[in-house]
Amino acid sequence: MTQDSNTTRAGSLTVVGTGIQVGEQTTLGAKETIEKAQKVFYAVADRAAAQWILGLNATAEALSYDMTLPRRRTVYEGMVDRIAAEVRKGLDVCAVFYGHPGVFAHATHKAIKILRQEGFPARMLPGVSAEDCLIADLGVDPGPLGCQSYEATDFLIRPRRFDPTTAMILWQVHSIGNLGFWDDHTDRRPALEILVEVLVPSYGPEHRVYVYEASIDPAKLPRIEPVLLAKLPEAKLSPFSTLFVPAKKAAELDPIMMKRLGVSFDS
């Protein structure tokens, strides 16, 4: 999407991502943008990441993440307001988010949209996401056979026609059905049992799936835990857990279409 207004106003927004391993996976463009910004905001996963950003720019300020609010969307709207307020003052603002700044990041997309409508330059730089890390760590190539990707709650509340002959990634399996914030004592098994109930008819109870967590520390290995689908409710999950569901089997080839396209097994 391009700028919505032909009139450019003083002040700008550039949204960047830290990657999953801050510093190690942060792009040169993102780092340079942080350093040059007149005001920096950040929403990252740990204190070390925050300190790294502060080391690049002393104006850096954490975006409020009030977990007492009933809905996460309310938190994100507050982030948008805070970021936009500084841009409207005429400052060149950099907003730094964990991973890829456009993945599961309502605040970044909305801030850019609003500011562009008001005539401010606003853009997003890509970053390394958890999906990128999953592809590397699990040795998965989504190119040849495809890959489906869904947020776990959304996957369940909408009647999906998912394809068991293609790999599937389910995000935020730790928080199925949660629009706000749960504490560590919340029993998540009932929601996981519903997920298993939906998947088993297509994959079978013995299908091996993987609980994956990208490592935020270059010195530590990622978590890759195989588990039988039927046993998923017993698995230990964290807010960083992603579920990778390998394909049940390869999709069948269509010989008529192959002939029409002039494609053979040797192509």
# chains A, B, ... in the order shown; residues from 1 in each chain; ligands from 1

$ residues_around --residues "segment 12-22 of chain A" --least-positions-apart "6" --cutoff "6 Å" --atoms "only C-alpha atoms" --output "MDAnalysis selection string"
chainID A and resid 30 49 87 92:101 120:125 127:129 216:217

$ write_last_selection --atoms "C-alpha atoms" --output "PDB file, in the first residue's frame"
ATOM      1  CA  ALA A  30      16.189  -1.811  11.268  1.00  0.00           C
ATOM      2  CA  ALA A  49      16.044  -6.809  24.120  1.00  0.00           C
ATOM      3  CA  VAL A  87       4.474  11.544  14.868  1.00  0.00           C
ATOM      4  CA  ASP A  92      10.582  10.903  13.031  1.00  0.00           C
ATOM      5  CA  VAL A  93       9.428   7.918  15.063  1.00  0.00           C
ATOM      6  CA  CYS A  94      10.624   4.322  15.007  1.00  0.00           C
ATOM      7  CA  ALA A  95       8.380   1.640  16.524  1.00  0.00           C
ATOM      8  CA  VAL A  96      10.246  -1.570  17.299  1.00  0.00           C
ATOM      9  CA  PHE A  97       8.390  -4.859  17.661  1.00  0.00           C
ATOM     10  CA  TYR A  98       9.489  -8.408  18.421  1.00  0.00           C
ATOM     11  CA  GLY A  99       9.986 -10.737  15.460  1.00  0.00           C
ATOM     12  CA  HIS A 100       8.424  -9.489  12.240  1.00  0.00           C
ATOM     13  CA  PRO A 101       6.579  -6.227  12.993  1.00  0.00           C
ATOM     14  CA  PHE A 120       2.446  11.378   7.212  1.00  0.00           C
ATOM     15  CA  PRO A 121       5.094   9.124   5.653  1.00  0.00           C
ATOM     16  CA  ALA A 122       4.721   5.697   7.272  1.00  0.00           C
ATOM     17  CA  ARG A 123       6.301   2.394   6.332  1.00  0.00           C
ATOM     18  CA  MET A 124       7.234  -1.039   7.664  1.00  0.00           C
ATOM     19  CA  LEU A 125      10.541  -2.865   7.271  1.00  0.00           C
ATOM     20  CA  GLY A 127      11.937  -8.734  10.033  1.00  0.00           C
ATOM     21  CA  VAL A 128      12.713 -12.351  10.902  1.00  0.00           C
ATOM     22  CA  SER A 129       9.552 -14.036  12.199  1.00  0.00           C
ATOM     23  CA  ILE A 216      15.435 -16.047  21.632  1.00  0.00           C
ATOM     24  CA  ASP A 217      19.014 -16.821  22.744  1.00  0.00           C
TER      25      ASP A 217
END

$ closest_residue --among "A:Pro255, A:Leu138, A:Ser264, A:Ile114" --to "Glu225 of chain A" --atoms "only C-alpha atoms"
A:Leu138

$ residues_around --residues "Ile176 of chain A" --least-positions-apart "5" --cutoff "8 Å" --atoms "only C-alpha atoms" --output "PyMOL selection string"
chain A and resi 152-153+188+191-192

$ select_by_dssp --residues "segment 58-257 of chain A" --states "alpha helix (DSSP H)" --output "count of residues only"
66

$ residues_around --residues "Asp254 of chain A" --least-positions-apart "3" --cutoff "12 Å" --atoms "only C-alpha atoms" --output "list in words"
Ala251, Met257, Met258, Lys259, Arg260, Leu261, Val263, Ser264 and Phe265 of chain A

$ residues_around --residues "Arg160 of chain A" --least-positions-apart "6" --cutoff "12 Å" --atoms "only C-alpha atoms" --output "JSON, numbers by chain"
{"A": [148, 149, 150, 151, 152, 153, 154, 198, 199]}

$ atom_distance --atom1 "atom CA of Ile256 of chain A" --atom2 "atom CA of Asp141 of chain A"
26.6 Å

$ decode --residues "segment 184-230 of chain A" --atoms "N, CA and C atoms" --output "JSON list (two decimals), in the first residue's frame"
[["chain", "number", "residue", "atom", "x", "y", "z"],
["A", 184, "ASP", "N", -0.89, -18.08, 34.59],
["A", 184, "ASP", "CA", -0.24, -19.36, 34.36],
["A", 184, "ASP", "C", -1.02, -20.54, 34.93],
["A", 185, "HIS", "N", -2.05, -20.27, 35.73],
["A", 185, "HIS", "CA", -2.80, -21.35, 36.37],
["A", 185, "HIS", "C", -4.06, -21.73, 35.60],
["A", 186, "THR", "N", -4.32, -21.07, 34.49],
["A", 186, "THR", "CA", -5.50, -21.39, 33.70],
["A", 186, "THR", "C", -5.37, -22.77, 33.07],
["A", 187, "ASP", "N", -6.41, -23.58, 33.17],
["A", 187, "ASP", "CA", -6.40, -24.91, 32.57],
["A", 187, "ASP", "C", -6.71, -24.79, 31.08],
["A", 188, "ARG", "N", -5.72, -25.09, 30.26],
["A", 188, "ARG", "CA", -5.88, -24.95, 28.82],
["A", 188, "ARG", "C", -6.27, -26.26, 28.13],
["A", 189, "ARG", "N", -6.36, -27.33, 28.88],
["A", 189, "ARG", "CA", -6.67, -28.63, 28.28],
["A", 189, "ARG", "C", -8.02, -28.68, 27.57],
["A", 190, "PRO", "N", -9.09, -28.10, 28.13],
["A", 190, "PRO", "CA", -10.37, -28.17, 27.40],
["A", 190, "PRO", "C", -10.30, -27.58, 25.99],
["A", 191, "ALA", "N", -9.60, -26.46, 25.84],
["A", 191, "ALA", "CA", -9.48, -25.84, 24.52],
["A", 191, "ALA", "C", -8.64, -26.71, 23.59],
["A", 192, "LEU", "N", -7.58, -27.31, 24.12],
["A", 192, "LEU", "CA", -6.74, -28.19, 23.30],
["A", 192, "LEU", "C", -7.49, -29.46, 22.92],
["A", 193, "GLU", "N", -8.35, -29.92, 23.79],
["A", 193, "GLU", "CA", -9.16, -31.10, 23.47],
["A", 193, "GLU", "C", -10.11, -30.81, 22.31],
["A", 194, "ILE", "N", -10.62, -29.59, 22.27],
["A", 194, "ILE", "CA", -11.48, -29.19, 21.14],
["A", 194, "ILE", "C", -10.67, -29.16, 19.85],
["A", 195, "LEU", "N", -9.45, -28.63, 19.92],
["A", 195, "LEU", "CA", -8.59, -28.60, 18.74],
["A", 195, "LEU", "C", -8.31, -30.01, 18.24],
["A", 196, "VAL", "N", -7.99, -30.91, 19.16],
["A", 196, "VAL", "CA", -7.74, -32.31, 18.79],
["A", 196, "VAL", "C", -8.99, -32.92, 18.16],
["A", 197, "GLU", "N", -10.13, -32.63, 18.73],
["A", 197, "GLU", "CA", -11.41, -33.13, 18.20],
["A", 197, "GLU", "C", -11.62, -32.72, 16.75],
["A", 198, "VAL", "N", -11.21, -31.51, 16.41],
["A", 198, "VAL", "CA", -11.36, -31.01, 15.04],
["A", 198, "VAL", "C", -10.34, -31.65, 14.09],
["A", 199, "LEU", "N", -9.12, -31.88, 14.57],
["A", 199, "LEU", "CA", -8.04, -32.37, 13.71],
["A", 199, "LEU", "C", -8.04, -33.88, 13.51],
["A", 200, "VAL", "N", -8.43, -34.64, 14.52],
["A", 200, "VAL", "CA", -8.32, -36.10, 14.46],
["A", 200, "VAL", "C", -9.05, -36.73, 13.27],
["A", 201, "PRO", "N", -10.26, -36.30, 12.89],
["A", 201, "PRO", "CA", -10.91, -36.92, 11.74],
["A", 201, "PRO", "C", -10.09, -36.84, 10.45],
["A", 202, "SER", "N", -9.25, -35.83, 10.32],
["A", 202, "SER", "CA", -8.45, -35.65, 9.11],
["A", 202, "SER", "C", -7.06, -36.28, 9.21],
["A", 203, "TYR", "N", -6.52, -36.34, 10.43],
["A", 203, "TYR", "CA", -5.14, -36.80, 10.60],
["A", 203, "TYR", "C", -5.02, -38.12, 11.36],
["A", 204, "GLY", "N", -6.00, -38.44, 12.18],
["A", 204, "GLY", "CA", -5.91, -39.62, 13.02],
["A", 204, "GLY", "C", -5.24, -39.31, 14.34],
["A", 205, "PRO", "N", -5.57, -40.05, 15.41],
["A", 205, "PRO", "CA", -5.02, -39.76, 16.75],
["A", 205, "PRO", "C", -3.53, -40.00, 16.88],
["A", 206, "GLU", "N", -2.97, -40.86, 16.00],
["A", 206, "GLU", "CA", -1.55, -41.21, 16.10],
["A", 206, "GLU", "C", -0.66, -40.31, 15.24],
["A", 207, "HIS", "N", -1.24, -39.32, 14.61],
["A", 207, "HIS", "CA", -0.44, -38.43, 13.76],
["A", 207, "HIS", "C", 0.52, -37.63, 14.63],
["A", 208, "ARG", "N", 1.78, -37.58, 14.23],
["A", 208, "ARG", "CA", 2.80, -36.89, 15.01],
["A", 208, "ARG", "C", 2.84, -35.41, 14.64],
["A", 209, "VAL", "N", 2.65, -34.55, 15.64],
["A", 209, "VAL", "CA", 2.73, -33.11, 15.46],
["A", 209, "VAL", "C", 3.89, -32.59, 16.30],
["A", 210, "TYR", "N", 4.21, -31.31, 16.16],
["A", 210, "TYR", "CA", 5.37, -30.75, 16.85],
["A", 210, "TYR", "C", 5.02, -29.45, 17.57],
["A", 211, "VAL", "N", 5.34, -29.41, 18.85],
["A", 211, "VAL", "CA", 5.28, -28.16, 19.60],
["A", 211, "VAL", "C", 6.61, -27.46, 19.38],
["A", 212, "TYR", "N", 6.56, -26.26, 18.83],
["A", 212, "TYR", "CA", 7.79, -25.55, 18.46],
["A", 212, "TYR", "C", 7.86, -24.21, 19.16],
["A", 213, "GLU", "N", 9.05, -23.89, 19.66],
["A", 213, "GLU", "CA", 9.32, -22.57, 20.23],
["A", 213, "GLU", "C", 10.69, -22.12, 19.74],
["A", 214, "ALA", "N", 10.71, -21.03, 18.99],
["A", 214, "ALA", "CA", 11.98, -20.48, 18.52],
["A", 214, "ALA", "C", 12.81, -20.01, 19.71],
["A", 215, "SER", "N", 14.11, -20.15, 19.61],
["A", 215, "SER", "CA", 15.00, -19.70, 20.69],
["A", 215, "SER", "C", 15.29, -18.22, 20.55],
["A", 216, "ILE", "N", 15.10, -17.47, 21.65],
["A", 216, "ILE", "CA", 15.44, -16.05, 21.63],
["A", 216, "ILE", "C", 16.91, -15.82, 21.95],
["A", 217, "ASP", "N", 17.60, -16.89, 22.36],
["A", 217, "ASP", "CA", 19.01, -16.82, 22.74],
["A", 217, "ASP", "C", 19.84, -17.64, 21.75],
["A", 218, "PRO", "N", 20.78, -17.01, 21.03],
["A", 218, "PRO", "CA", 21.59, -17.74, 20.06],
["A", 218, "PRO", "C", 22.36, -18.91, 20.67],
["A", 219, "ALA", "N", 22.60, -18.87, 21.97],
["A", 219, "ALA", "CA", 23.36, -19.94, 22.63],
["A", 219, "ALA", "C", 22.48, -21.13, 23.01],
["A", 220, "LYS", "N", 21.16, -21.00, 22.84],
["A", 220, "LYS", "CA", 20.25, -22.07, 23.24],
["A", 220, "LYS", "C", 19.52, -22.64, 22.02],
["A", 221, "LEU", "N", 19.17, -23.91, 22.13],
["A", 221, "LEU", "CA", 18.46, -24.58, 21.05],
["A", 221, "LEU", "C", 16.97, -24.26, 21.11],
["A", 222, "PRO", "N", 16.30, -24.32, 19.97],
["A", 222, "PRO", "CA", 14.85, -24.14, 19.97],
["A", 222, "PRO", "C", 14.18, -25.36, 20.61],
["A", 223, "ARG", "N", 12.95, -25.21, 21.02],
["A", 223, "ARG", "CA", 12.18, -26.34, 21.52],
["A", 223, "ARG", "C", 11.45, -26.99, 20.36],
["A", 224, "ILE", "N", 11.72, -28.25, 20.13],
["A", 224, "ILE", "CA", 11.05, -29.03, 19.10],
["A", 224, "ILE", "C", 10.60, -30.32, 19.75],
["A", 225, "GLU", "N", 9.34, -30.38, 20.13],
["A", 225, "GLU", "CA", 8.83, -31.52, 20.89],
["A", 225, "GLU", "C", 7.77, -32.27, 20.09],
["A", 226, "PRO", "N", 8.11, -33.48, 19.61],
["A", 226, "PRO", "CA", 7.10, -34.28, 18.92],
["A", 226, "PRO", "C", 6.08, -34.83, 19.90],
["A", 227, "VAL", "N", 4.83, -34.87, 19.48],
["A", 227, "VAL", "CA", 3.76, -35.39, 20.34],
["A", 227, "VAL", "C", 2.66, -35.98, 19.46],
["A", 228, "LEU", "N", 2.09, -37.09, 19.89],
["A", 228, "LEU", "CA", 0.96, -37.65, 19.15],
["A", 228, "LEU", "C", -0.22, -36.70, 19.28],
["A", 229, "LEU", "N", -0.96, -36.55, 18.21],
["A", 229, "LEU", "CA", -2.06, -35.59, 18.20],
["A", 229, "LEU", "C", -3.02, -35.81, 19.36],
["A", 230, "ALA", "N", -3.35, -37.06, 19.65],
["A", 230, "ALA", "CA", -4.29, -37.35, 20.73],
["A", 230, "ALA", "C", -3.75, -36.94, 22.10]]
